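Quick look at entry.txt (compact mmCIF, C-alpha atoms and all ligand atoms):
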```txt
# COMPACT_ATOMS: atom_id res chain seq x y z
CA MET A 175 35.72 7.42 -30.77
CA LEU A 176 33.99 4.68 -32.78
CA GLU A 177 34.25 4.46 -36.54
CA VAL A 178 32.67 1.89 -38.84
CA LYS A 179 34.08 1.67 -42.37
CA ASN A 180 32.36 -0.18 -45.22
CA LEU A 181 31.26 -2.90 -42.83
CA SER A 182 29.63 -5.92 -44.49
CA LYS A 183 28.21 -9.23 -43.36
CA ALA A 184 26.68 -12.01 -45.43
CA PHE A 185 24.95 -15.16 -44.16
CA GLY A 186 25.16 -17.69 -46.96
CA GLY A 187 24.40 -15.55 -49.99
CA ILE A 188 22.32 -13.00 -48.10
CA ARG A 189 23.98 -9.66 -47.43
CA VAL A 190 22.57 -8.55 -44.12
CA THR A 191 25.02 -5.68 -43.57
CA ARG A 192 25.98 -3.72 -46.69
CA ASP A 193 28.88 -1.30 -46.75
CA VAL A 194 27.84 0.39 -43.51
CA SER A 195 29.92 3.45 -42.56
CA PHE A 196 29.46 5.97 -39.76
CA LYS A 197 31.41 7.74 -37.06
CA VAL A 198 30.34 8.34 -33.45
CA GLU A 199 31.90 11.10 -31.34
CA PRO A 200 32.84 10.67 -27.65
CA GLY A 201 29.81 11.18 -25.40
CA GLU A 202 27.43 11.09 -28.34
CA ARG A 203 23.97 9.51 -28.15
CA ARG A 204 23.49 7.72 -31.47
CA VAL A 205 20.18 6.08 -32.25
CA ILE A 206 20.00 3.30 -34.83
CA LEU A 207 16.59 3.13 -36.51
CA GLY A 208 15.26 0.70 -39.06
CA PRO A 209 12.39 -1.70 -39.67
CA ASN A 210 12.40 -5.32 -38.50
CA GLY A 211 15.15 -7.31 -40.18
CA ALA A 212 17.05 -4.18 -41.28
CA GLY A 213 20.25 -5.54 -39.72
CA LYS A 214 20.40 -3.50 -36.51
CA THR A 215 21.15 -6.37 -34.11
CA THR A 216 23.60 -7.83 -36.64
CA LEU A 217 25.43 -4.49 -36.68
CA PHE A 218 25.74 -4.62 -32.87
CA ASN A 219 26.95 -8.23 -33.05
CA LEU A 220 29.64 -7.11 -35.47
CA LEU A 221 30.62 -4.16 -33.26
CA VAL A 222 31.01 -6.22 -30.08
CA GLY A 223 32.71 -9.11 -31.86
CA ALA A 224 29.97 -11.75 -31.58
CA LEU A 225 30.06 -11.95 -35.39
CA LYS A 226 32.99 -11.63 -37.79
CA PRO A 227 32.43 -9.22 -40.67
CA SER A 228 32.73 -10.36 -44.29
CA GLY A 229 34.43 -7.05 -45.03
CA GLY A 230 35.20 -3.59 -43.74
CA ASP A 231 36.68 -2.27 -40.53
CA ILE A 232 35.73 -1.09 -37.02
CA LEU A 233 37.96 1.46 -35.30
CA LEU A 234 37.86 2.28 -31.59
CA ASP A 235 39.99 5.32 -30.78
CA ASN A 236 41.46 5.10 -34.29
CA GLU A 237 42.59 1.48 -33.81
CA SER A 238 41.09 -1.46 -35.65
CA ILE A 239 39.31 -3.89 -33.31
CA VAL A 240 37.96 -6.38 -35.87
CA GLY A 241 40.62 -8.94 -34.93
CA LEU A 242 39.71 -8.80 -31.22
CA SER A 243 37.40 -11.17 -29.33
CA VAL A 244 34.26 -10.09 -27.46
CA SER A 245 36.13 -10.02 -24.13
CA GLN A 246 39.11 -8.14 -25.57
CA ARG A 247 36.73 -5.52 -26.95
CA ALA A 248 34.94 -5.38 -23.60
CA ARG A 249 38.27 -4.66 -21.90
CA ARG A 250 38.72 -1.76 -24.34
CA GLY A 251 35.40 -0.40 -23.07
CA LEU A 252 32.81 -1.74 -25.50
CA SER A 253 29.78 -3.25 -23.77
CA ARG A 254 26.25 -4.18 -24.79
CA SER A 255 22.87 -4.95 -23.33
CA TYR A 256 20.68 -7.52 -25.05
CA GLN A 257 17.39 -7.36 -26.94
CA LYS A 258 16.25 -10.39 -24.93
CA ASN A 259 16.69 -11.09 -21.24
CA ASN A 260 20.04 -12.60 -20.39
CA LEU A 261 19.94 -12.87 -16.61
CA PHE A 262 20.65 -15.36 -13.82
CA GLU A 263 17.09 -16.07 -12.67
CA ASP A 264 17.95 -17.65 -9.31
CA LEU A 265 20.25 -14.86 -8.19
CA THR A 266 19.30 -11.46 -6.81
CA VAL A 267 19.61 -8.18 -8.66
CA ARG A 268 22.66 -7.41 -6.51
CA GLU A 269 24.29 -10.76 -7.32
CA ASN A 270 23.68 -10.37 -11.05
CA LEU A 271 25.28 -6.91 -11.01
CA ALA A 272 28.15 -8.12 -8.80
CA LEU A 273 28.97 -10.97 -11.17
CA ALA A 274 29.04 -8.60 -14.15
CA ALA A 275 31.22 -6.09 -12.26
CA ALA A 276 33.52 -8.78 -10.85
CA SER A 277 34.11 -10.48 -14.18
CA ALA A 278 34.86 -7.11 -15.82
CA GLN A 279 37.35 -6.36 -13.03
CA GLY A 280 38.95 -9.79 -13.42
CA LYS A 281 37.71 -10.84 -9.98
CA PHE A 282 35.30 -13.51 -11.06
CA ALA A 283 35.14 -16.09 -8.26
CA TRP A 284 32.09 -18.17 -8.99
CA MET A 285 32.39 -20.91 -6.35
CA SER A 286 33.55 -18.87 -3.38
CA ARG A 287 31.15 -16.00 -3.94
CA ASP A 288 34.04 -13.71 -2.96
CA SER A 289 32.97 -11.32 -5.67
CA PHE A 290 29.93 -10.41 -3.55
CA ARG A 291 32.22 -9.10 -0.78
CA ASP A 292 34.79 -7.21 -2.83
CA LYS A 293 34.70 -3.48 -1.97
CA SER A 294 35.16 -2.06 -5.43
CA VAL A 295 32.65 -4.56 -6.86
CA LEU A 296 30.09 -3.54 -4.24
CA GLU A 297 30.68 0.15 -4.95
CA THR A 298 30.09 -0.45 -8.65
CA VAL A 299 26.90 -2.37 -7.84
CA GLU A 300 25.51 0.51 -5.74
CA GLU A 301 26.43 3.11 -8.34
CA VAL A 302 24.93 1.14 -11.24
CA ALA A 303 21.78 0.33 -9.26
CA GLU A 304 21.22 4.09 -8.84
CA HIS A 305 21.65 4.70 -12.57
CA VAL A 306 19.15 2.01 -13.57
CA ALA A 307 16.68 2.84 -10.75
CA LEU A 308 17.07 -0.53 -9.02
CA ALA A 309 18.63 0.67 -5.75
CA ASP A 310 15.47 -0.35 -3.87
CA HIS A 311 15.35 -3.80 -5.50
CA LEU A 312 18.90 -5.05 -4.94
CA ASP A 313 17.87 -8.03 -2.83
CA MET A 314 15.05 -9.13 -5.08
CA GLN A 315 15.45 -12.45 -6.85
CA VAL A 316 15.45 -11.86 -10.60
CA ARG A 317 12.81 -14.58 -11.03
CA SER A 318 10.30 -12.43 -9.15
CA ALA A 319 11.28 -9.08 -10.69
CA SER A 320 8.86 -7.35 -13.08
CA TYR A 321 9.55 -7.35 -16.82
CA GLY A 322 10.47 -3.67 -16.69
CA SER A 323 12.93 -4.18 -13.82
CA ARG A 324 14.56 -6.99 -15.76
CA ARG A 325 15.04 -4.69 -18.75
CA GLN A 326 16.62 -2.10 -16.42
CA LEU A 327 18.87 -4.81 -15.00
CA GLU A 328 19.97 -5.72 -18.53
CA VAL A 329 21.27 -2.18 -18.95
CA GLY A 330 22.77 -2.39 -15.46
CA LEU A 331 24.77 -5.51 -16.34
CA ALA A 332 26.33 -3.67 -19.26
CA LEU A 333 27.01 -0.56 -17.12
CA ALA A 334 28.60 -2.70 -14.40
CA THR A 335 31.48 -3.43 -16.77
CA LYS A 336 32.25 0.33 -16.71
CA PRO A 337 32.07 0.77 -20.47
CA ARG A 338 33.18 3.80 -22.48
CA VAL A 339 30.83 2.80 -25.30
CA LEU A 340 27.47 1.28 -24.37
CA LEU A 341 25.35 -0.48 -26.99
CA MET A 342 21.68 -0.98 -26.10
CA ASP A 343 19.51 -3.21 -28.24
CA GLU A 344 15.88 -2.12 -27.83
CA PRO A 345 16.02 -1.41 -24.09
CA THR A 346 12.28 -0.60 -24.12
CA SER A 347 11.12 -3.59 -26.15
CA GLY A 348 7.94 -4.99 -24.66
CA VAL A 349 7.56 -2.42 -21.89
CA GLY A 350 4.53 -0.19 -21.42
CA PRO A 351 4.30 3.61 -21.78
CA SER A 352 5.10 4.37 -18.14
CA MET A 353 8.26 2.26 -18.32
CA ILE A 354 9.29 4.07 -21.49
CA ASP A 355 9.26 7.29 -19.47
CA GLY A 356 11.43 5.52 -16.91
CA PHE A 357 13.94 4.54 -19.59
CA HIS A 358 13.90 8.08 -20.88
CA ARG A 359 15.04 9.30 -17.46
CA LEU A 360 17.52 6.43 -17.22
CA LEU A 361 19.12 7.42 -20.52
CA GLN A 362 19.28 11.06 -19.52
CA GLY A 363 20.89 10.11 -16.20
CA LEU A 364 23.77 8.17 -17.77
CA PRO A 365 27.25 9.68 -17.40
CA LYS A 366 27.68 12.45 -20.01
CA GLU A 367 31.08 11.12 -21.11
CA LEU A 368 29.62 7.69 -21.91
CA THR A 369 29.15 7.13 -25.65
CA VAL A 370 25.81 5.41 -26.28
CA LEU A 371 24.43 3.59 -29.32
CA ILE A 372 20.77 2.64 -28.99
CA ILE A 373 18.53 0.58 -31.21
CA GLU A 374 15.10 1.99 -30.39
CA HIS A 375 11.67 1.52 -31.89
CA ASP A 376 9.90 4.15 -29.81
CA MET A 377 10.10 7.23 -32.01
CA ASP A 378 9.44 9.84 -29.34
CA LEU A 379 12.20 8.40 -27.20
CA ALA A 380 14.56 8.01 -30.17
CA PHE A 381 14.10 11.58 -31.42
CA ASP A 382 14.40 12.98 -27.95
CA VAL A 383 17.60 11.31 -26.78
CA ALA A 384 19.52 11.21 -30.08
CA ASP A 385 22.33 13.58 -30.96
CA ARG A 386 22.34 11.88 -34.34
CA ILE A 387 20.32 9.10 -35.95
CA THR A 388 21.49 6.43 -38.39
CA VAL A 389 18.71 4.76 -40.37
CA LEU A 390 19.25 1.25 -41.73
CA ASN A 391 17.10 -0.47 -44.34
CA PHE A 392 17.94 -3.85 -45.89
CA GLY A 393 21.36 -3.70 -44.25
CA GLU A 394 22.28 -0.32 -45.70
CA VAL A 395 22.60 3.14 -44.19
CA VAL A 396 19.84 5.04 -45.99
CA PHE A 397 20.06 8.21 -43.89
CA GLU A 398 22.06 9.89 -41.16
CA GLY A 399 21.24 13.15 -39.45
CA THR A 400 19.93 14.94 -36.40
CA SER A 401 16.47 14.15 -35.00
CA GLY A 402 14.97 17.13 -36.82
CA GLU A 403 16.56 16.17 -40.13
CA THR A 404 15.48 12.55 -39.72
CA ARG A 405 11.90 13.43 -38.85
CA GLY A 406 11.49 15.49 -42.01
CA ASN A 407 13.37 13.18 -44.38
CA PRO A 408 11.21 11.70 -47.17
CA ILE A 409 13.16 8.40 -47.37
CA VAL A 410 12.77 7.85 -43.65
CA ARG A 411 9.09 8.77 -43.78
CA GLU A 412 8.53 6.28 -46.57
CA ILE A 413 10.24 3.47 -44.65
CA TYR A 414 8.23 4.25 -41.53
CA LEU A 415 4.93 5.04 -43.21
CA GLY A 416 2.29 3.38 -41.11
CA GLU A 417 4.79 2.77 -38.30
CA GLY A 418 3.90 5.87 -36.32
CA LEU A 419 6.31 8.50 -37.62
CA GLU A 420 3.40 10.79 -38.47
CA ASP A 421 2.55 10.92 -34.80
CA ALA A 422 6.10 11.47 -33.54
N1 LIG B 501 22.78 -15.99 -37.83
C1 LIG B 501 22.03 -15.66 -38.90
N2 LIG B 501 21.97 -16.45 -39.99
C2 LIG B 501 21.22 -16.12 -41.06
N3 LIG B 501 20.51 -14.98 -41.16
C3 LIG B 501 20.54 -14.14 -40.11
C4 LIG B 501 21.29 -14.42 -38.92
N4 LIG B 501 21.13 -13.39 -38.05
C5 LIG B 501 20.31 -12.53 -38.66
N5 LIG B 501 19.95 -12.96 -39.90
C6 LIG B 501 19.08 -12.26 -40.84
O1 LIG B 501 19.61 -10.97 -41.03
C7 LIG B 501 18.57 -9.99 -41.15
C8 LIG B 501 18.79 -8.89 -40.14
O2 LIG B 501 18.57 -9.39 -38.83
P1 LIG B 501 18.74 -8.50 -37.53
O3 LIG B 501 18.42 -9.37 -36.38
O4 LIG B 501 20.06 -7.86 -37.57
O5 LIG B 501 17.61 -7.41 -37.77
P2 LIG B 501 17.08 -6.27 -36.78
O6 LIG B 501 17.17 -4.99 -37.55
O7 LIG B 501 17.77 -6.35 -35.49
O8 LIG B 501 15.54 -6.67 -36.63
P3 LIG B 501 14.53 -6.52 -35.36
O9 LIG B 501 14.02 -5.09 -35.42
O10 LIG B 501 13.44 -7.48 -35.69
O11 LIG B 501 15.27 -6.85 -34.11
C9 LIG B 501 17.27 -10.74 -41.00
O12 LIG B 501 16.75 -10.99 -42.27
C10 LIG B 501 17.67 -12.01 -40.30
O13 LIG B 501 16.82 -13.06 -40.63
MG MG B 502 17.16 -6.72 -33.58
```
For this file, write the structure as structure tokens.
Ligand SMILES: Nc1ncnc2c1ncn2[C@@H]1O[C@H](COP(=O)(O)OP(=O)(O)OP(=O)(O)O)[C@@H](O)[C@H]1O
Ligand SMILES: [Mg+2]
Amino acid sequence: MLEVKNLSKAFGGIRVTRDVSFKVEPGERRVILGPNGAGKTTLFNLLVGALKPSGGDILLDNESIVGLSVSQRARRGLSRSYQKNNLFEDLTVRENLALAAASAQGKFAWMSRDSFRDKSVLETVEEVAEHVALADHLDMQVRSASYGSRRQLEVGLALATKPRVLLMDEPTSGVGPSMIDGFHRLLQGLPKELTVLIIEHDMDLAFDVADRITVLNFGEVVFEGTSGETRGNPIVREIYLGEGLEDA
């Protein structure tokens, strides 16, 4: 489905992504772990096309996509949600989702607001709202939505583009324990055929949802394995010593 081959990225002289290789199967839940500054977000930026690699290749369905723009990759089914909020504050939850769905369907009509009346756009909005547990908040203005709801909406915006591969950058960052449970259910409720890559700091959540885990440190893949293998791995334990792995 998605294959990364010897991917590298340097900013100035600093190599932030070093020879990263891994392969993700269709429908897989892949968690990317690593301490702050390990290069996780940079990896996602390279995958979606927001950054150009210094070297290496990215294959989607066995075809190289490194030459494609962000929107071309999105049309091939690659979509991401952000580590930080990226929402239209003055619009409602419904309108935010509708704009994402409409632009993905090539029906973006900003001035006329026609996108809010399009049948297939509205169907997508309803479906996505169910998945991200916002069906009861569709008419709420984003400005007055809780932090947790905004994080759910972030995932919703990515889902509204009907991706085949969804990249989530710390969907639970900054949310409390009860919201983490909510995200847990959200992740489990996503379509089984959807391939998901998640950067996640919450270990319990990471170990529970992951089919496989890739661990980055200083831009390099230092380990890949199942949750059980990752939990017991000495390299991983050393990297996370004092970061809660003992409790996971
Ligand atoms: N545009 C840039 N120019 C220069 N350096 C950058 C740039 N973007 C990221 N970096 C550096 O690359 C390294 C990796 O950053 P990245 O944001 O990918 O880490 P991360 O694993 O996502 O960290 P966090 O867990 O804090 O989100 C950091 O040292 C960062 O300062
Ligand atoms: Mg990051």
Could you check which of A:Glu394, A:Ser320, A:Asp355, A:Arg203 is closest to Lys183 (chain A), using all atoms listed in the file?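 Between A:Glu394, A:Ser320, A:Asp355, A:Arg203, the residue approaching Lys183 (chain A) most closely is A:Glu394.
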So that I can see what lies close to region 376-391 of chain A, please list as a compact mmCIF listing (two decimals) with C-alpha atoms, keeping the file's coordinate frame the residues with an atom at most 10 Å from it, counting only C-alpha atoms and leaving out residues fewer than 6 positions away in the same chain.
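Output below, filename result23.txt:
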```txt
# COMPACT_ATOMS: atom_id res chain seq x y z
CA VAL A 190 22.57 -8.55 -44.12
CA THR A 191 25.02 -5.68 -43.57
CA ARG A 192 25.98 -3.72 -46.69
CA VAL A 194 27.84 0.39 -43.51
CA SER A 195 29.92 3.45 -42.56
CA PHE A 196 29.46 5.97 -39.76
CA VAL A 198 30.34 8.34 -33.45
CA GLU A 199 31.90 11.10 -31.34
CA GLY A 201 29.81 11.18 -25.40
CA GLU A 202 27.43 11.09 -28.34
CA ARG A 203 23.97 9.51 -28.15
CA ARG A 204 23.49 7.72 -31.47
CA VAL A 205 20.18 6.08 -32.25
CA ILE A 206 20.00 3.30 -34.83
CA LEU A 207 16.59 3.13 -36.51
CA GLY A 208 15.26 0.70 -39.06
CA PRO A 209 12.39 -1.70 -39.67
CA ASN A 210 12.40 -5.32 -38.50
CA GLY A 211 15.15 -7.31 -40.18
CA ALA A 212 17.05 -4.18 -41.28
CA GLY A 213 20.25 -5.54 -39.72
CA LYS A 214 20.40 -3.50 -36.51
CA LEU A 217 25.43 -4.49 -36.68
CA GLU A 344 15.88 -2.12 -27.83
CA THR A 346 12.28 -0.60 -24.12
CA SER A 347 11.12 -3.59 -26.15
CA PRO A 351 4.30 3.61 -21.78
CA ILE A 354 9.29 4.07 -21.49
CA ASP A 355 9.26 7.29 -19.47
CA PHE A 357 13.94 4.54 -19.59
CA HIS A 358 13.90 8.08 -20.88
CA ARG A 359 15.04 9.30 -17.46
CA LEU A 361 19.12 7.42 -20.52
CA GLN A 362 19.28 11.06 -19.52
CA VAL A 370 25.81 5.41 -26.28
CA PHE A 397 20.06 8.21 -43.89
CA GLU A 398 22.06 9.89 -41.16
CA GLY A 399 21.24 13.15 -39.45
CA THR A 400 19.93 14.94 -36.40
CA SER A 401 16.47 14.15 -35.00
CA GLY A 402 14.97 17.13 -36.82
CA GLU A 403 16.56 16.17 -40.13
CA THR A 404 15.48 12.55 -39.72
CA ARG A 405 11.90 13.43 -38.85
CA ILE A 409 13.16 8.40 -47.37
CA VAL A 410 12.77 7.85 -43.65
CA ILE A 413 10.24 3.47 -44.65
CA GLU A 417 4.79 2.77 -38.30
CA GLY A 418 3.90 5.87 -36.32
CA LEU A 419 6.31 8.50 -37.62
CA GLU A 420 3.40 10.79 -38.47
CA ASP A 421 2.55 10.92 -34.80
CA ALA A 422 6.10 11.47 -33.54
```
Show me, as a list in words, the residues that have an atom within 10 Å of Gln279 (chain A) when counting all atoms listed in the file, minus same-chain residues fewer than 6 positions from it.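 The filter keeps Arg249, Leu273, Ser289, Ser294, Val295, Ala334, Thr335 and Lys336 of chain A.
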Give me the residues near Pro365 (chain A) as a list in words, where near means some atom within 12 Å (using all atoms listed in the file) and where sequence neighbours in that chain fewer than 6 positions away do not count. Pro200, Gly201, Glu202, Arg203, Glu301, Val302, Glu304, His305, Val306, Leu333, Lys336, Pro337, Arg338, Val339 and Leu340 of chain A
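Computed from the coordinates, the CA of Arg324 (chain A) to CA of Ala303 (chain A) distance equals 12.2 Å.
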Within 9 Å of Val349 (chain A), counting only C-alpha atoms, which residues show up once you throw out same-chain ones fewer than 3 positions away? Write them as an MDAnalysis selection string, please. chainID A and resid 321:322 325 345:346 352:354
For Phe262 (chain A): contacts at 10 Å, all atoms listed in the file, fewer than 2 positions along chain excluded, given as a PyMOL selection string: chain A and resi 259-260+264-267+269-270+273+315-317
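Distance-wise, atom N5 of ligand LIG 501 (chain B) and CA of Thr216 (chain A) end up 7.1 Å apart.
For the pair CA of Leu312 (chain A) and CA of Leu331 (chain A), the separation is 12.8 Å.
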Compare A:Phe392, A:Pro408, A:Arg247, A:Gly230 by their minimum atom-to-atom distance to ligand LIG 501 (chain B), counting only C-alpha atoms and all ligand atoms, and give me the closest one. A:Phe392
Pick from A:Leu181, A:Leu233, A:Ile188, A:Ala309 nearest to ligand LIG 501 (chain B), counting only C-alpha atoms and all ligand atoms: A:Ile188
Centre and edge lengths of an axis-aligned box around all listed atoms of region 365-382 of chain A, with 3 Å added on each side, are to be given in Å to one decimal, as AutoDock Vina command-line options.
```
--center_x 20.3 --center_y 6.8 --center_z -24.7 --size_x 27.6 --size_y 18.4 --size_z 20.6
```
